[in-house]
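*Asks:* Got a file for you: structure-v3.cif, mmCIF, C-alpha atoms.
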data_model
loop_
_atom_site.label_atom_id
_atom_site.label_comp_id
_atom_site.auth_asym_id
_atom_site.auth_seq_id
_atom_site.Cartn_x
_atom_site.Cartn_y
_atom_site.Cartn_z
CA MET W 13 47.06 -12.84 33.02
CA THR W 14 48.09 -9.40 34.24
CA SER W 15 45.39 -6.79 34.83
CA LYS W 16 46.73 -4.68 31.96
CA VAL W 17 46.52 -7.56 29.46
CA LYS W 18 43.10 -8.59 30.83
CA GLY W 19 41.76 -5.05 30.49
CA THR W 20 43.14 -4.74 26.96
CA VAL W 21 41.50 -8.03 25.88
CA GLN W 22 38.21 -6.89 27.45
CA GLY W 23 38.43 -3.60 25.55
CA LEU W 24 39.13 -5.37 22.25
CA LEU W 25 36.24 -7.79 22.75
CA SER W 26 33.97 -4.85 23.57
CA GLY W 27 34.91 -3.21 20.28
CA MET W 28 34.34 -6.41 18.30
CA PHE W 29 30.89 -6.99 19.82
CA TRP W 30 30.03 -3.31 19.31
CA GLY W 31 30.95 -3.50 15.63
CA LEU W 32 28.47 -6.36 15.22
CA ASP W 33 25.91 -4.42 17.28
CA THR W 34 26.34 -1.41 14.96
CA ALA W 35 25.80 -3.46 11.81
CA LEU W 36 22.66 -5.10 13.24
CA ASN W 37 21.30 -1.71 14.36
CA GLY W 38 21.50 -0.55 10.75
CA VAL W 39 19.62 -3.66 9.61
CA VAL W 40 16.86 -3.33 12.23
CA LEU W 41 16.20 0.30 11.29
CA THR W 42 15.27 -0.87 7.78
CA LEU W 43 12.65 -3.35 9.06
CA ALA W 44 9.01 -2.99 10.16
CA PRO W 45 7.80 -1.27 12.26
CA PHE W 46 10.90 0.98 12.56
CA ILE W 47 10.65 2.06 8.94
CA PHE W 48 6.91 2.86 9.03
CA THR W 49 5.74 6.48 8.68
CA ASP W 50 2.81 6.50 11.10
CA ASN W 51 1.95 9.48 13.31
CA ARG W 52 0.95 7.11 16.08
CA LEU W 53 4.41 5.54 16.17
CA VAL W 54 7.33 6.77 18.22
CA SER W 55 10.41 7.45 16.03
CA GLY W 56 12.26 4.33 14.95
CA ALA W 57 15.55 5.46 16.53
CA LEU W 58 13.94 6.02 19.94
CA LEU W 59 12.03 2.73 19.80
CA LEU W 60 15.17 0.81 18.93
CA ALA W 61 17.20 2.55 21.64
CA PHE W 62 14.56 1.67 24.25
CA PHE W 63 14.29 -2.00 23.31
CA HIS W 64 18.08 -2.31 22.99
CA ASP W 65 18.68 -1.19 26.58
CA PHE W 66 15.45 -2.55 28.11
CA ILE W 67 16.02 -6.11 26.90
CA SER W 68 19.64 -5.80 28.01
CA ALA W 69 18.47 -4.68 31.48
CA LEU W 70 16.13 -7.69 31.68
CA LEU W 71 18.89 -10.11 30.63
CA LEU W 72 21.25 -8.67 33.25
CA THR W 73 18.58 -8.77 35.97
CA VAL W 74 17.71 -12.41 35.28
CA GLY W 75 21.37 -13.43 35.00
CA MET W 76 22.40 -11.69 38.21
CA GLY W 77 19.26 -12.92 39.99
CA VAL W 78 20.04 -16.57 39.15
CA ARG W 79 23.57 -16.07 40.53
CA GLY W 80 22.29 -14.34 43.67
CA GLU W 81 24.06 -11.11 42.75
CA LEU W 82 21.10 -8.77 43.27
CA LYS W 83 21.41 -8.73 47.07
CA GLY W 84 22.10 -5.29 48.45
CA LEU W 85 21.29 -3.56 45.16
CA VAL W 86 18.62 -1.34 46.76
CA SER W 87 21.02 -0.13 49.44
CA LEU W 88 23.69 0.37 46.76
CA LEU W 89 21.38 2.79 44.92
CA ARG W 90 21.55 5.13 47.92
CA LYS W 91 25.33 5.45 47.65
CA ARG W 92 27.26 8.23 45.96
CA SER W 93 28.95 5.88 43.48
CA ALA W 94 25.58 4.68 42.14
CA HIS W 95 24.48 8.29 41.64
CA PHE W 96 27.50 8.87 39.39
CA VAL W 97 26.61 5.75 37.38
CA ILE W 98 23.04 7.04 36.96
CA LEU W 99 24.42 10.36 35.71
CA ALA W 100 26.71 8.49 33.31
CA ALA W 101 23.72 6.50 32.05
CA LEU W 102 21.91 9.71 31.09
CA PHE W 103 24.92 10.81 29.05
CA ALA W 104 25.28 7.35 27.49
CA GLY W 105 21.69 6.49 26.69
CA PRO W 106 19.36 9.45 26.06
CA LEU W 107 22.21 11.55 24.63
CA GLY W 108 24.79 9.09 23.29
CA MET W 109 22.83 6.06 22.11
CA ARG W 110 19.89 8.01 20.75
CA SER W 111 22.19 10.35 18.79
CA TYR W 112 24.05 7.28 17.55
CA LEU W 113 20.91 5.63 16.17
CA ILE W 114 19.74 8.89 14.59
CA ALA W 115 23.14 9.10 12.86
CA VAL W 116 22.88 5.47 11.68
CA ASP W 117 19.48 6.31 10.22
CA LEU W 118 20.78 9.47 8.48
CA ILE W 119 24.27 8.54 7.27
CA GLY W 120 24.45 4.76 7.61
CA SER W 121 26.20 2.44 10.04
CA SER W 122 29.62 2.61 8.34
CA LEU W 123 30.20 6.37 8.60
CA THR W 124 28.48 6.55 12.00
CA ALA W 125 30.80 3.84 13.33
CA THR W 126 33.90 5.61 12.08
CA ILE W 127 32.90 8.97 13.59
CA SER W 128 31.72 7.48 16.89
CA ALA W 129 35.07 5.65 17.15
CA MET W 130 36.52 9.02 18.21
CA TYR W 131 34.90 8.77 21.65
CA PRO W 132 37.90 6.97 23.24
CA ALA W 133 40.10 9.92 22.23
CA VAL W 134 37.68 12.39 23.81
CA ALA W 135 37.38 10.12 26.87
CA ALA W 136 41.18 10.03 27.15
CA VAL W 137 41.29 13.84 27.19
CA LEU W 138 38.46 14.07 29.74
CA GLY W 139 40.07 11.33 31.83
CA ALA W 140 43.37 13.22 31.89
CA VAL W 141 41.62 16.45 32.89
CA PHE W 142 39.22 15.13 35.53
CA LEU W 143 40.74 11.81 36.72
CA LYS W 144 44.46 12.48 36.13
CA ASP W 145 44.47 9.24 34.10
CA TYR W 146 47.11 9.92 31.48
CA LEU W 147 47.84 7.92 28.32
CA ASN W 148 51.41 7.05 27.41
CA LYS W 149 52.96 7.97 24.06
CA ARG W 150 52.00 4.65 22.49
CA GLY W 151 48.38 5.20 23.54
CA TRP W 152 48.28 8.67 21.97
CA PHE W 153 49.90 7.30 18.81
CA GLY W 154 47.19 4.63 18.57
CA LEU W 155 44.44 7.22 19.00
CA ALA W 156 46.05 9.42 16.35
CA LEU W 157 45.98 6.49 13.90
CA THR W 158 42.31 5.89 14.74
CA ILE W 159 41.36 9.51 14.10
CA LEU W 160 43.36 9.52 10.82
CA ALA W 161 41.48 6.41 9.67
CA ILE W 162 38.18 8.09 10.59
CA ILE W 163 39.05 11.13 8.46
CA ILE W 164 40.00 8.94 5.48
CA LEU W 165 36.89 6.74 5.73
CA GLY W 166 34.64 9.75 6.30
CA TYR W 167 36.09 11.62 3.33
CA THR W 168 35.54 8.71 0.96
CA ASN W 169 31.89 8.56 2.00
CA LEU W 170 31.07 12.27 1.94
CA SER W 171 29.28 12.26 -1.39
CA SER W 172 27.04 9.31 -0.48
CA PHE W 173 24.64 10.99 1.93
CA ASN W 174 22.18 13.86 1.58
CA SER W 175 21.69 14.31 5.33
CA LEU W 176 25.41 14.53 6.03
CA PHE W 177 25.36 17.63 8.24
CA TRP W 178 22.70 16.42 10.67
CA GLY W 179 24.06 12.89 10.65
CA VAL W 180 27.59 14.01 11.49
CA LEU W 181 26.24 16.36 14.19
CA ALA W 182 24.29 13.48 15.75
CA ALA W 183 27.40 11.26 15.63
CA LEU W 184 29.47 13.98 17.34
CA LEU W 185 26.85 14.33 20.09
CA CYS W 186 27.13 10.57 20.49
CA VAL W 187 30.93 10.92 20.85
CA PHE W 188 30.51 13.48 23.63
CA GLY W 189 27.86 11.39 25.42
CA TRP W 190 29.86 8.16 25.37
CA ALA W 191 33.13 9.86 26.32
CA SER W 192 31.40 11.47 29.31
CA GLU W 193 29.89 8.11 30.25
CA SER W 194 33.31 6.48 30.26
CA VAL W 195 34.87 9.02 32.60
CA ILE W 196 31.89 9.42 34.97
CA THR W 197 31.46 5.63 35.23
CA ALA W 198 35.17 5.17 35.93
CA TYR W 199 34.86 7.67 38.77
CA GLY W 200 31.80 5.89 40.17
CA MET W 201 33.44 2.44 40.01
CA LYS W 202 36.45 3.69 41.97
CA GLU W 203 34.49 3.22 45.16
CA ASP W 204 32.23 0.25 45.95
CA ILE W 205 30.42 -0.77 42.79
CA SER W 206 31.32 -3.58 40.37
CA PRO W 207 31.21 -3.29 36.55
CA LYS W 208 28.19 -5.63 36.36
CA GLN W 209 26.29 -3.65 39.01
CA ALA W 210 27.18 -0.40 37.24
CA LEU W 211 25.92 -1.76 33.93
CA LEU W 212 22.65 -2.96 35.48
CA ILE W 213 22.01 0.52 36.90
CA ARG W 214 23.01 2.09 33.58
CA GLN W 215 20.61 -0.02 31.51
CA TRP W 216 17.59 0.48 33.77
CA THR W 217 18.27 4.22 34.02
CA SER W 218 18.56 4.69 30.25
CA SER W 219 15.49 2.48 29.62
CA LEU W 220 13.34 4.59 31.97
CA ALA W 221 14.68 7.79 30.40
CA TYR W 222 13.77 6.52 26.91
CA LEU W 223 10.32 5.58 28.18
CA MET W 224 9.77 9.14 29.41
CA PHE W 225 10.81 10.56 26.02
CA MET W 226 8.41 8.20 24.26
CA PHE W 227 5.40 9.76 26.00
CA PHE W 228 6.05 12.97 24.07
CA GLU W 229 6.60 11.42 20.63
CA GLY W 230 3.61 9.22 19.93
CA GLN W 231 1.21 6.61 21.27
CA ILE W 232 3.46 4.60 23.56
CA VAL W 233 1.25 1.51 24.01
CA TYR W 234 0.57 1.27 20.29
CA SER W 235 4.27 1.71 19.47
CA LEU W 236 5.44 -0.94 21.94
CA SER W 237 2.80 -3.43 20.77
CA GLN W 238 3.84 -2.93 17.14
CA VAL W 239 7.43 -3.88 17.98
CA VAL W 240 6.62 -6.79 20.32
CA THR W 241 4.30 -8.43 17.78
CA SER W 242 6.63 -7.86 14.80
CA ALA W 243 9.04 -10.32 13.19
CA SER W 244 11.86 -7.99 14.26
CA MET W 245 11.51 -8.96 17.93
CA LEU W 246 13.78 -12.01 17.76
CA LEU W 247 16.47 -9.94 16.05
CA LEU W 248 16.09 -7.31 18.79
CA VAL W 249 16.73 -9.94 21.47
CA ALA W 250 19.87 -11.08 19.64
CA LEU W 251 20.94 -7.45 19.21
CA ALA W 252 20.43 -6.67 22.90
CA THR W 253 22.41 -9.80 23.88
CA ILE W 254 25.35 -8.74 21.72
CA GLY W 255 25.10 -5.19 23.09
CA THR W 256 25.11 -6.52 26.66
CA LEU W 257 28.29 -8.52 26.00
CA SER W 258 29.91 -5.41 24.54
CA TYR W 259 28.88 -3.28 27.53
CA LEU W 260 30.07 -5.88 30.05
CA CYS W 261 33.50 -6.06 28.41
CA TYR W 262 33.60 -2.26 28.14
CA TYR W 263 32.73 -1.56 31.77
CA SER W 264 35.16 -4.27 32.93
CA ALA W 265 37.91 -2.71 30.81
CA ILE W 266 37.19 0.77 32.24
CA ASP W 267 37.38 -0.69 35.76
CA THR W 268 40.62 -2.57 35.00
CA ILE W 269 42.71 -0.16 32.89
CA GLY W 270 40.75 3.13 33.06
CA PRO W 271 38.87 5.15 30.46
#
Show me the file's structure as structure tokens.
*Replies:*
Amino acid sequence: MTSKVKGTVQGLLSGMFWGLDTALNGVVLTLAPFIFTDNRLVSGALLLAFFHDFISALLLTVGMGVRGELKGLVSLLRKRSAHFVILAALFAGPLGMRSYLIAVDLIGSSLTATISAMYPAVAAVLGAVFLKDYLNKRGWFGLALTILAIIILGYTNLSSFNSLFWGVLAALLCVFGWASESVITAYGMKEDISPKQALLIRQWTSSLAYLMFMFFEGQIVYSLSQVVTSASMLLLVALATIGTLSYLCYYSAIDTIGP
């Protein structure tokens, strides 16, 4: 299999897993304790974002530890490439993923997914500007079809949501965050860091960032205990596993064929 075909398959698998991840995110946000209105609780979107990336980070750490792939990780964190991945994680998680979940909560998973699907187009533009990674005519044609589909799907759903403005704004912030992540991560992986190592750094960075935000939104210990002891926890583990598979395919595709 050529690298181009391999990267394309990885990108397609990432999209398929992410579609399932999106649908499950919408389901989880309708369950306890994410739907509770309790002043002691951190917002449902922030709680879900934290558990999504934290469980993913744990799964990656255990998996890489069993395979002996954690050696040299501490020294890797001192390198310039890892610093770029950490920066990308801040764009992807606290900005991108949190905005994404807020949008799912406000306008639903369907419209959020169609708007957020624009991030490859924005990443392609940013990649051309900063990395000189240019798409061919067929690539631009494909992106144009995607954006056209987004407009059609979005238009047919406009009358369904009362919080349309804020939901669309959150989805657009998500687009910017994820597009920036794609380009910054691609730059970081050009040197001496593998997609799996980059993803591990990304997930731990975003998890810690979410944890910091949670201190300002509610009672963190109470909020975490409510989730861990809820019936939603098993679904969260499944969700994080699917998200991890999507991220792994995505980072591998970025490394193989570019943002």
*Asks:* Could you give me, as a PyMOL selection string, the residues that sit within 9 Å of (30.0, 5.1, 43.2) in the file's coordinates, counting all atoms listed in the file?
*Replies:* chain W and resi 88+91-97+197-205+210
*Asks:* Check the smallest atom-to-atom distance from each of W:Val40, W:Leu89, W:Met109, W:Ala125 to Leu246 of chain W using only C-alpha atoms, then report the winner.
*Replies:* W:Val40
*Asks:* Take the PyMOL selection byres ((chain W and resi 135-148) around 12), apply it to the structure above, and return the hits as a ChimeraX atom specification.
*Replies:* /W:128-134,149-156,187-200,202,266,269-271
*Asks:* Tell me which of W:Leu58, W:Leu212, W:Leu99, W:Ile114 sits closest to Ala183 of chain W, counting all atoms listed in the file.
*Replies:* W:Ile114
*Asks:* If you apply the PyMOL selection byres ((chain W and resi 238) around 12) to this file, what residues do you get, as a PyMOL selection string?
*Replies:* chain W and resi 43-48+50+52-54+56+59+231-237+239-245
*Asks:* Do you have the atom CA of Ala182 of chain W-atom CA of Leu211 of chain W distance handy?
*Replies:*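 Between these atoms lies a distance of 23.8 Å.
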*Asks:* How many Å separate atom CA of Ile127 of chain W from atom CA of Gly108 of chain W?
*Replies:* 12.6 Å
*Asks:* Each side padded by 5 Å, which centre and which edge lengths in Å (one decimal) define the axis-aligned box around the listed atoms of segment 188-192 of chain W? Give them as JSON.
*Replies:*
{"center_x": 30.5, "center_y": 10.8, "center_z": 26.5, "size_x": 15.3, "size_y": 15.3, "size_z": 15.7}
*Asks:* Quick one: of W:Thr126, W:Thr34, W:Ser218, W:Thr49, who's nearest to Leu160 of chain W, counting all atoms listed in the file?
*Replies:*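 Of W:Thr126, W:Thr34, W:Ser218, W:Thr49, the one nearest Leu160 of chain W, counting all atoms listed in the file, is W:Thr126.
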*Asks:* Please provide the set of residues having any atom within 9 Å of Pro207 of chain W, restricted to only C-alpha atoms, with same-chain residues fewer than 6 positions apart removed, written as a list in words.
*Replies:*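 Selected residues are Met201, Leu260, Cys261, Tyr262, Tyr263, Ser264, Ala265, Ile266 and Asp267 of chain W.
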*Asks:* Could you tell me how far atom CA of Leu185 of chain W sits from atom CA of Val249 of chain W, in Å to one decimal place?
*Replies:*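 Interatomic distance, atom CA of Val249 of chain W to atom CA of Leu185 of chain W: 26.3 Å.
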